[in-house]
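Engineer: Data file structure_28.pdb (PDB, C-alpha atoms, pLDDT in the B column) is appended below.
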ATOM      1  CA  MET A   1      13.769  -7.128 -16.938  1.00 37.00           C
ATOM      2  CA  VAL A   2      10.138  -7.382 -15.883  1.00 43.00           C
ATOM      3  CA  ASP A   3       8.930 -10.788 -14.835  1.00 48.00           C
ATOM      4  CA  ASN A   4       5.468 -11.832 -16.100  1.00 55.00           C
ATOM      5  CA  HIS A   5       4.759 -12.643 -12.464  1.00 57.00           C
ATOM      6  CA  ALA A   6       4.461  -8.894 -11.629  1.00 67.00           C
ATOM      7  CA  ASN A   7       0.955  -8.262 -13.021  1.00 88.00           C
ATOM      8  CA  PRO A   8      -0.752 -11.061 -11.056  1.00 91.00           C
ATOM      9  CA  LEU A   9       1.050  -9.875  -7.912  1.00 93.00           C
ATOM     10  CA  VAL A  10      -0.244  -6.319  -8.338  1.00 94.00           C
ATOM     11  CA  VAL A  11      -3.790  -7.627  -8.825  1.00 94.00           C
ATOM     12  CA  GLU A  12      -3.451  -9.923  -5.794  1.00 95.00           C
ATOM     13  CA  ILE A  13      -2.189  -7.091  -3.568  1.00 97.00           C
ATOM     14  CA  ALA A  14      -4.985  -4.787  -4.779  1.00 96.00           C
ATOM     15  CA  LYS A  15      -7.638  -7.461  -4.088  1.00 96.00           C
ATOM     16  CA  LYS A  16      -6.280  -8.095  -0.591  1.00 97.00           C
ATOM     17  CA  PHE A  17      -6.303  -4.371   0.163  1.00 97.00           C
ATOM     18  CA  ILE A  18      -9.855  -3.894  -1.148  1.00 97.00           C
ATOM     19  CA  THR A  19     -11.018  -6.876   0.933  1.00 97.00           C
ATOM     20  CA  LEU A  20      -9.352  -5.417   4.032  1.00 97.00           C
ATOM     21  CA  MET A  21     -11.027  -2.056   3.446  1.00 97.00           C
ATOM     22  CA  ILE A  22     -14.469  -3.637   3.086  1.00 96.00           C
ATOM     23  CA  ASP A  23     -13.874  -5.460   6.393  1.00 96.00           C
ATOM     24  CA  ILE A  24     -12.591  -2.373   8.219  1.00 96.00           C
ATOM     25  CA  GLU A  25     -15.068   0.218   6.982  1.00 94.00           C
ATOM     26  CA  PRO A  26     -17.739  -0.558   4.371  1.00 92.00           C
ATOM     27  CA  GLN A  27     -18.246   3.187   3.709  1.00 93.00           C
ATOM     28  CA  TRP A  28     -14.598   3.943   2.841  1.00 95.00           C
ATOM     29  CA  LYS A  29     -13.938   6.192  -0.153  1.00 96.00           C
ATOM     30  CA  LYS A  30     -10.225   5.970  -0.946  1.00 96.00           C
ATOM     31  CA  ALA A  31      -7.290   4.111   0.586  1.00 97.00           C
ATOM     32  CA  TYR A  32      -3.508   4.225   0.359  1.00 98.00           C
ATOM     33  CA  LEU A  33      -1.021   1.387   0.834  1.00 98.00           C
ATOM     34  CA  ARG A  34       2.688   2.194   0.953  1.00 98.00           C
ATOM     35  CA  PHE A  35       5.262  -0.589   0.869  1.00 98.00           C
ATOM     36  CA  SER A  36       8.990   0.069   1.174  1.00 97.00           C
ATOM     37  CA  TYR A  37      11.964  -2.252   1.168  1.00 96.00           C
ATOM     38  CA  SER A  38      15.571  -1.255   1.763  1.00 94.00           C
ATOM     39  CA  ASN A  39      18.539  -2.849   3.523  1.00 91.00           C
ATOM     40  CA  SER A  40      16.543  -6.063   4.100  1.00 91.00           C
ATOM     41  CA  VAL A  41      13.822  -4.168   5.997  1.00 94.00           C
ATOM     42  CA  ALA A  42      10.230  -4.187   4.742  1.00 95.00           C
ATOM     43  CA  GLU A  43       7.640  -1.684   5.972  1.00 95.00           C
ATOM     44  CA  THR A  44       4.003  -1.339   5.032  1.00 97.00           C
ATOM     45  CA  LYS A  45       1.640   1.422   6.122  1.00 97.00           C
ATOM     46  CA  ALA A  46      -1.878   2.238   5.049  1.00 97.00           C
ATOM     47  CA  SER A  47      -4.581   4.837   5.520  1.00 97.00           C
ATOM     48  CA  PHE A  48      -8.078   5.487   4.251  1.00 96.00           C
ATOM     49  CA  VAL A  49     -10.584   8.259   3.728  1.00 94.00           C
ATOM     50  CA  PHE A  50     -13.899   7.855   5.552  1.00 91.00           C
ATOM     51  CA  GLU A  51     -16.526  10.577   5.525  1.00 87.00           C
ATOM     52  CA  THR A  52     -14.499  13.740   6.178  1.00 86.00           C
ATOM     53  CA  ARG A  53     -11.539  12.205   7.986  1.00 91.00           C
ATOM     54  CA  ILE A  54      -8.479  10.093   7.267  1.00 94.00           C
ATOM     55  CA  GLU A  55      -7.602   7.109   9.433  1.00 94.00           C
ATOM     56  CA  ILE A  56      -4.322   5.201   9.710  1.00 95.00           C
ATOM     57  CA  ILE A  57      -4.869   1.419   9.632  1.00 96.00           C
ATOM     58  CA  ASP A  58      -3.660  -0.283  12.809  1.00 96.00           C
ATOM     59  CA  VAL A  59      -0.765  -2.565  11.832  1.00 95.00           C
ATOM     60  CA  LEU A  60      -1.026  -4.665  14.995  1.00 96.00           C
ATOM     61  CA  LYS A  61      -4.761  -5.208  14.658  1.00 97.00           C
ATOM     62  CA  HIS A  62      -4.327  -6.337  11.036  1.00 97.00           C
ATOM     63  CA  LYS A  63      -0.887  -7.962  11.374  1.00 96.00           C
ATOM     64  CA  HIS A  64      -1.765 -10.940   9.132  1.00 97.00           C
ATOM     65  CA  PHE A  65      -2.619  -8.590   6.249  1.00 97.00           C
ATOM     66  CA  PHE A  66       0.494  -6.444   6.721  1.00 97.00           C
ATOM     67  CA  HIS A  67       2.759  -9.490   7.005  1.00 97.00           C
ATOM     68  CA  SER A  68       1.361 -10.904   3.756  1.00 97.00           C
ATOM     69  CA  ILE A  69       1.866  -7.549   1.996  1.00 97.00           C
ATOM     70  CA  ASN A  70       5.465  -7.387   3.237  1.00 97.00           C
ATOM     71  CA  MET A  71       6.064 -10.795   1.633  1.00 96.00           C
ATOM     72  CA  LYS A  72       4.200  -9.985  -1.608  1.00 96.00           C
ATOM     73  CA  GLY A  73       5.856  -6.570  -1.834  1.00 96.00           C
ATOM     74  CA  GLN A  74       9.316  -8.127  -1.714  1.00 96.00           C
ATOM     75  CA  GLU A  75       8.235 -10.619  -4.351  1.00 95.00           C
ATOM     76  CA  LEU A  76       6.913  -7.794  -6.538  1.00 95.00           C
ATOM     77  CA  LEU A  77      10.159  -5.800  -6.332  1.00 95.00           C
ATOM     78  CA  ALA A  78      12.124  -8.951  -7.141  1.00 93.00           C
ATOM     79  CA  ALA A  79       9.960  -9.403 -10.255  1.00 92.00           C
ATOM     80  CA  PHE A  80      11.378  -6.044 -11.405  1.00 92.00           C
ATOM     81  CA  ASP A  81      14.937  -7.086 -10.449  1.00 93.00           C
ATOM     82  CA  LYS A  82      14.994  -4.464  -7.686  1.00 94.00           C
ATOM     83  CA  THR A  83      16.661  -4.936  -4.301  1.00 92.00           C
ATOM     84  CA  LYS A  84      15.102  -1.789  -2.836  1.00 95.00           C
ATOM     85  CA  GLY A  85      12.155   0.386  -3.638  1.00 97.00           C
ATOM     86  CA  ILE A  86       8.694   1.622  -2.797  1.00 97.00           C
ATOM     87  CA  PHE A  87       5.281   1.200  -4.225  1.00 97.00           C
ATOM     88  CA  LEU A  88       2.179   3.203  -3.469  1.00 97.00           C
ATOM     89  CA  LEU A  89      -1.130   1.529  -4.199  1.00 97.00           C
ATOM     90  CA  VAL A  90      -4.181   3.805  -4.290  1.00 97.00           C
ATOM     91  CA  ILE A  91      -7.626   2.196  -4.376  1.00 97.00           C
ATOM     92  CA  ASP A  92     -11.130   3.617  -4.320  1.00 96.00           C
ATOM     93  CA  SER A  93     -14.537   2.295  -3.354  1.00 94.00           C
ATOM     94  CA  ASN A  94     -15.351   1.646  -7.039  1.00 95.00           C
ATOM     95  CA  PHE A  95     -12.510  -0.942  -6.898  1.00 93.00           C
ATOM     96  CA  ASP A  96     -10.331   1.086  -9.251  1.00 94.00           C
ATOM     97  CA  TYR A  97      -6.650   1.105  -8.392  1.00 94.00           C
ATOM     98  CA  GLU A  98      -3.363   2.674  -9.399  1.00 94.00           C
ATOM     99  CA  ILE A  99       0.136   1.624  -8.409  1.00 95.00           C
ATOM    100  CA  ASN A 100       3.250   3.786  -8.579  1.00 95.00           C
ATOM    101  CA  PHE A 101       6.851   2.719  -8.043  1.00 95.00           C
ATOM    102  CA  GLU A 102       9.937   4.573  -6.793  1.00 96.00           C
ATOM    103  CA  TYR A 103      13.416   3.052  -6.669  1.00 95.00           C
ATOM    104  CA  HIS A 104      15.620   5.989  -5.654  1.00 94.00           C
ATOM    105  CA  ASP A 105      13.859   8.164  -3.032  1.00 94.00           C
ATOM    106  CA  ILE A 106      13.074   5.659  -0.279  1.00 91.00           C
ATOM    107  CA  ASN A 107      11.344   8.394   1.759  1.00 92.00           C
ATOM    108  CA  ARG A 108       8.771   9.209  -0.903  1.00 94.00           C
ATOM    109  CA  TRP A 109       5.030   8.986  -0.139  1.00 96.00           C
ATOM    110  CA  LYS A 110       5.359   8.520   3.632  1.00 93.00           C
ATOM    111  CA  ILE A 111       2.064   8.013   5.453  1.00 93.00           C
ATOM    112  CA  SER A 112       1.825   9.651   8.874  1.00 89.00           C
ATOM    113  CA  LYS A 113      -0.286  11.873  11.053  1.00 84.00           C
ATOM    114  CA  LEU A 114       2.732  12.962  13.105  1.00 81.00           C
ATOM    115  CA  ALA A 115       4.470  16.333  12.716  1.00 73.00           C
ATOM    116  CA  GLY A 116       1.714  17.831  10.602  1.00 73.00           C
ATOM    117  CA  GLY A 117       1.025  14.732   8.498  1.00 77.00           C
ATOM    118  CA  THR A 118      -2.538  14.236   7.310  1.00 85.00           C
ATOM    119  CA  GLY A 119      -2.567  10.480   6.775  1.00 88.00           C
ATOM    120  CA  VAL A 120      -2.495  10.988   3.006  1.00 90.00           C
ATOM    121  CA  PRO A 121       0.872   9.986   1.492  1.00 90.00           C
ATOM    122  CA  GLU A 122       3.253  12.957   1.283  1.00 89.00           C
ATOM    123  CA  GLY A 123       3.183  14.551  -2.143  1.00 83.00           C
ATOM    124  CA  ILE A 124      -0.274  13.192  -3.050  1.00 83.00           C
ATOM    125  CA  VAL A 125      -3.030  15.764  -3.494  1.00 67.00           C
TER     126      VAL A 125
END
Step by step, read the file and then write its structure as structure tokens.
Structural biologist:
Amino acid sequence: MVDNHANPLVVEIAKKFITLMIDIEPQWKKAYLRFSYSNSVAETKASFVFETRIEIIDVLKHKHFFHSINMKGQELLAAFDKTKGIFLLVIDSNFDYEINFEYHDINRWKISKLAGGTGVPEGIV
């Protein structure tokens, strides 16, 4: 059952992410926010496209933002009656956004620059 609380949460998370991107880099083009929750552990990672490169957002430097997303992400999954899952929020500099959910493959859409990662979520072209 989907709680009516889910839509405002998605909009709130998208607004917070857009605001963060404007603060970090006014010339950003596209940004990715991946939230996962499983076994009572929440993790949020993010990256963005700037000019011709992709940067990972420093979690420690922006710990207030990431903490708030961890809380809102758990609330959003609960609105869908889910105890584990992932969402990937993709925003662009025109303030358009898209959110995708995954409840089975907890490793989907990982964001990394390690071991050949590009900073773009795995599986996203």
Engineer: Restricting the calculation to all atoms listed in the file: of A:Thr52, A:Tyr32, A:Tyr37, A:Lys61, which residue gets closest to A:Ile124?
Structural biologist: A:Tyr32
Engineer: Carefully work through the PyMOL selection byres ((chain A and resi 123) around 12) for this structure and note down the residues it includes, as a list in words.
Structural biologist: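 That expression, the PyMOL selection byres ((chain A and resi 123) around 12), corresponds here to Leu88, Asn107, Arg108, Trp109, Lys110, Ile111, Gly117, Thr118, Gly119, Val120, Pro121, Glu122, Ile124 and Val125 of chain A.
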Engineer: Hey, which of A:His62, A:Lys72, A:Lys113, A:Arg53 ends up closest to A:Asp23? Count all atoms listed in the file.
Structural biologist: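 Ranking A:His62, A:Lys72, A:Lys113, A:Arg53 by distance to A:Asp23, first place goes to A:His62.
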Engineer: Skipping near chain neighbours, those fewer than 3 positions away, what residues fall within 9 Å of A:Ile86 using all atoms listed in the file, listed as a PyMOL selection string?
Structural biologist: chain A and resi 34-38+73+77+100-109
Engineer: Could you please determine the separation between atom CA of A:Ile69 and atom CA of A:Glu55 in Å, to one decimal place?
Structural biologist: 19.0 Å
Engineer: If you measure from atom CA of A:Ile99 to atom CA of A:Ala46, what distance in Å do you get, rounded to one decimal?
Structural biologist: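 Computing the Euclidean distance for atom CA of A:Ile99 and atom CA of A:Ala46 yields 13.6 Å.
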Engineer: Please return as JSON, numbers by chain every residue within 12 Å of (-2.6, -7.1, -8.9), taking into account only C-alpha atoms and the file's own coordinates.
Structural biologist: {"A": [4, 5, 6, 7, 8, 9, 10, 11, 12, 13, 14, 15, 16, 17, 18, 69, 72, 73, 76, 89, 90, 91, 95, 96, 97, 98, 99]}
Engineer: In Å, rounded to a single decimal, give me how far atom CA of A:Ser112 is from atom CA of A:Ile24.
Structural biologist: 18.8 Å
Engineer: Let me make sure I understand: among A:Phe87, A:Phe65, A:Asn39, A:Phe80, which one has the smallest atom-to-atom distance to A:Thr19 if we use all atoms listed in the file?
Structural biologist: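 Closest residue, counting all atoms listed in the file: A:Phe65.
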Engineer: Give me the residues near A:Phe66 as an mmCIF file with C-alpha atoms, keeping the file's coordinate frame, where near means some atom within 9 Å (using all atoms listed in the file) and where sequence neighbours in that chain fewer than 6 positions away do not count.
Structural biologist:
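For reference, around23.cif as written:
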data_model
loop_
_atom_site.group_PDB
_atom_site.id
_atom_site.type_symbol
_atom_site.label_atom_id
_atom_site.label_comp_id
_atom_site.auth_asym_id
_atom_site.auth_seq_id
_atom_site.Cartn_x
_atom_site.Cartn_y
_atom_site.Cartn_z
ATOM 1 C CA GLU A 43 7.640 -1.684 5.972
ATOM 2 C CA THR A 44 4.003 -1.339 5.032
ATOM 3 C CA LYS A 45 1.640 1.422 6.122
ATOM 4 C CA VAL A 59 -0.765 -2.565 11.832
ATOM 5 C CA LEU A 60 -1.026 -4.665 14.995
#
Engineer: Out of A:Ser68, A:Ser93, A:Gln74, A:Thr83, which residue has the shortest atom-to-atom distance to A:Phe48 when counting all atoms listed in the file?
Structural biologist: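 Smallest separation from A:Phe48 among the options: A:Ser93.
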Engineer: Hey, what comes out of the PyMOL selection byres ((chain A and resi 57) around 6) on this file? Could you write it as a list in words?
Structural biologist: Ala46, Ser47, Ile56 and Asp58 of chain A
